[in-house]
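Participant: Before I ask anything, let me first share the structure, which is written out below as structure tokens.
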Amino acid sequence: MTDTPPKNELRLFNSLTRQLETFTPVHPGEARVYTCGPTVYNYPHIGNMRAYVFADVLGRVLSWKGYQLTHVINITDVGHLTDDADAGEDKLEKAAAEKAQKGERTSIWDIARHYTEAYWADIEALNIRQPSQWTVATDYVPQMIAFAERIAGKHCYELESGLYFDVSTVADYGRLARARTDEGESRIDPVDGKRNAADFAIWRKTPPGETRQMEWDSPWGRGAPGWHLECSVMSGAVLGFPFDIHTGGIDHREIHHPNEIAQNQAHCHSDASGANIWMHNNFLVERSGKMSKSSGEFLRLQLLIDKGYHPLAYRMLCLQAHYRSELEFSWEGLGAALTRLKRLIGNAEKLREASERGVVRAGSETADQLTLMILQQFEPAIYDDLNTPRALTAVEDVIGFGSAPIAAIFDAVSEMDKVLGLGLLSVRRADLRIRPKSATITEAEIEAALTRRREARAAKDFATSDAIRDELTAQGVEVMDGDPLGWEWRLG
């Protein structure tokens, strides 16, 4: 993908310059990162969660490299419209209205809390570290109004529907997207009176005769902040301008992040973008169409669990592709990722067992030197723009390196997993076996059948053995022969 970077030099791809750059922190010894978080009007699908696996790996690498990390992820509970291109209804208001039409007496605040907690549960299941701070949009509305007041005179104008940002007032608007074309601008909501097609709302007034559950008084009337304003305010308030890295999905690169940059330029009276490096993960693609939230059952993490896949199998699937590459989802691919994870954790269990027997002893100078030598294979991969596919191969090579002292391998695997977050030395192989929700056969029945099958195989009665296997297969149980770590079955 790229030439191997010099040792200890972390290079990251900056979407703003479209090139790899050496990471140089704004504040020596610190790394300040802002990640665009979820809009909590529905459950996150696994495509959303890829962005947080990527941001987690970035944060882990920065910590592993010795920086004091301040990582902020926001929760959007107001202001994000149904069309990401600044059009339609507020997503939370629409969700509340739909529930009201069904006779469900649920407030917009309850909806936001419910889906925030669901998102946090997915974060935990994927072994994503907690950020330094969660920022919730509605907690920062006074700061948003103050921010808008500061830039309004020079950069904004007022219409009946709200306060709009004039993109012609800042230098090189849209340079992040590099898409200032009629086609790109046609995605933006046409509003009577807008000076430029790309102008966007800073503050949206509540239409006459309407009352919203989330609305505040402002110099431009009662209403709510625009989605783009929120991230500028929260990132600047917690991290200060400029900060080091801003991350998000590649869909944010076209409109949301260019609008953030424009606001940051206006606020700071500078052409600087607010963050030194802008990083974007590519899409997760799923061909069946079930990832869409509007299609009914969509691919959320709980669906994977219900089908018998451990959440860390999805983390492994994400790590197998570079974050800037498109990743296609399939059940077969997820199964292969789970098998690869089982193999890694199975080998790691041997290291744990050796540790528990006292075979692994710290403090050996030779082992420590070998650990450093092993990590020299890992560092060039992970420091090369977070090349997790190469890093995974390095881990597999290390675990299979039988000629090295166990202490060196144990320490190296422990260090590498601090970056990958797969739980290699904490998760047991048996933990990865999850019973699908649809399974009807009991585990006791499975174990009894497997006992009969082992006895038949020991007696070389392969006809009976095959018949039992076929019987289990018909009931959704996959028997995996040839497993060097022992019998294994998976309900499917």
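In the structure tokens, each chain is lettered A, B, ... as it comes, each chain's residues begin at 1, and ligands are numbered from 1 in order of appearance.
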Per DSSP on the backbone, filter region 73-238 of chain A down to the residues in strand (DSSP E) and report them as a PyMOL selection string.
Facilitator: chain A and resi 73-75+81-83+87-90+133-136+156-159+162-165+200-205+223-225
Participant: Quick one: residues within 9 Å of Arg352 (chain A), only C-alpha atoms, excluding same-chain residues fewer than 4 positions away - as a ChimeraX atom specification?
Facilitator: /A:348,356-357,360,410,425-426
Participant: Write a file of the selected residues as an mmCIF file, in the first residue's frame, keeping N, CA, C and O atoms.
Facilitator:
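Saved the output as out.cif:
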data_model
loop_
_atom_site.group_PDB
_atom_site.id
_atom_site.type_symbol
_atom_site.label_atom_id
_atom_site.label_comp_id
_atom_site.auth_asym_id
_atom_site.auth_seq_id
_atom_site.Cartn_x
_atom_site.Cartn_y
_atom_site.Cartn_z
ATOM 1 N N ALA A 348 -3.509 -18.256 21.867
ATOM 2 C CA ALA A 348 -3.231 -17.383 23.003
ATOM 3 C C ALA A 348 -3.548 -18.078 24.325
ATOM 4 O O ALA A 348 -2.894 -17.817 25.346
ATOM 5 N N GLU A 356 0.029 -19.402 33.687
ATOM 6 C CA GLU A 356 -0.560 -19.885 34.940
ATOM 7 C C GLU A 356 0.293 -20.977 35.578
ATOM 8 O O GLU A 356 0.299 -21.147 36.794
ATOM 9 N N ARG A 357 1.056 -21.716 34.749
ATOM 10 C CA ARG A 357 1.941 -22.759 35.274
ATOM 11 C C ARG A 357 3.275 -22.178 35.727
ATOM 12 O O ARG A 357 4.128 -22.908 36.224
ATOM 13 N N VAL A 360 5.949 -18.544 32.131
ATOM 14 C CA VAL A 360 6.252 -17.177 31.715
ATOM 15 C C VAL A 360 6.780 -16.401 32.911
ATOM 16 O O VAL A 360 6.103 -16.279 33.930
ATOM 17 N N PHE A 410 4.535 -14.113 24.856
ATOM 18 C CA PHE A 410 3.434 -13.656 25.714
ATOM 19 C C PHE A 410 3.434 -12.134 25.810
ATOM 20 O O PHE A 410 2.400 -11.477 25.630
ATOM 21 N N LEU A 425 -5.705 -12.190 25.273
ATOM 22 C CA LEU A 425 -5.231 -12.806 26.510
ATOM 23 C C LEU A 425 -6.276 -12.719 27.629
ATOM 24 O O LEU A 425 -5.968 -13.016 28.778
ATOM 25 N N SER A 426 -7.497 -12.354 27.270
ATOM 26 C CA SER A 426 -8.563 -12.294 28.283
ATOM 27 C C SER A 426 -9.796 -13.097 27.877
ATOM 28 O O SER A 426 -10.474 -13.688 28.731
#
Participant: Go ahead and compute the interatomic distance for CA of Ala152 (chain A) and CA of Thr82 (chain A), in Å to one decimal.
Facilitator: 25.3 Å
Participant: Enter the distance from CA of Glu210 (chain A) to CA of Arg222 (chain A), in Å, rounded to one decimal.
Facilitator: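 Value for the CA of Glu210 (chain A)-CA of Arg222 (chain A) distance: 10.7 Å.
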Participant: As number ranges by chain, please: the residues near Leu319 (chain A) (cut-off 12 Å, only C-alpha atoms, same-chain neighbours under 4 positions excluded).
Facilitator: A: 50-58, 126, 281, 312-315, 323-325, 327, 334, 337, 340-341, 382, 386-393, 419-422
Participant: From the DSSP assignment of the backbone, select every residue of region 374-429 of chain A that is alpha helix (DSSP H), and format the answer as an NGL selection string.
Facilitator: :A and (374-382 or 388-399 or 406-420)
Participant: List the neighbours of region 271-276 of chain A out to 12 Å using only C-alpha atoms; skip same-chain residues closer than 5 positions along the sequence, and give me the result as a VMD selection string.
Facilitator: chain A and resid 12 to 17 21 to 27 31 to 35 169 to 176 231 to 237 239 to 247 257 to 266
Participant: Taking only C-alpha atoms into account, name the residue in A:Cys268, A:Ala408, A:Leu472, A:Leu20 that is nearest to Ala439 (chain A).
Facilitator: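 The answer is A:Leu472, which sits nearest to Ala439 (chain A).
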Participant: Report as a PyMOL selection string all protein, DNA and RNA residues lying within 10 Å of region 375-377 of chain A, evaluated on only C-alpha atoms, omitting residues in the same chain fewer than 3 positions from it.
Facilitator: chain A and resi 7-8+369-372+380-382+390-391+393-395+397-398+409+411-413+415-416
Participant: Between A:Asn74, A:Gly423, A:Thr451, A:His310, which is the closest to Ile128 (chain A) once you count only C-alpha atoms?
Facilitator: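 Of A:Asn74, A:Gly423, A:Thr451, A:His310, the one nearest Ile128 (chain A), counting only C-alpha atoms, is A:Gly423.
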Participant: Neighbours of Ser218 (chain A) within 12 Å (only C-alpha atoms; same-chain residues fewer than 2 positions away dropped), as a PyMOL selection string?
Facilitator: chain A and resi 141-149+162-163+202-206+215-216+220-225
Participant: Could you list, as a list in words, every residue within 9 Å of Leu159 (chain A), counting only C-alpha atoms and ignoring same-chain residues fewer than 4 positions away?
Facilitator: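 The residues that qualify are Leu163, Tyr164, Asp192, Gly193 and Lys194 of chain A.
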Participant: Of the residues A:Leu450, A:Ile255, A:Val136, A:Leu229, which is the one nearest to Asp470 (chain A), using only C-alpha atoms?
Facilitator: A:Leu450
Participant: Taking only C-alpha atoms into account, name the residue in A:Ala449, A:Val238, A:Ala137, A:Ile108 that is nearest to Pro38 (chain A).
Facilitator: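 Residue with the minimum atom-to-atom distance to Pro38 (chain A): A:Ala137.
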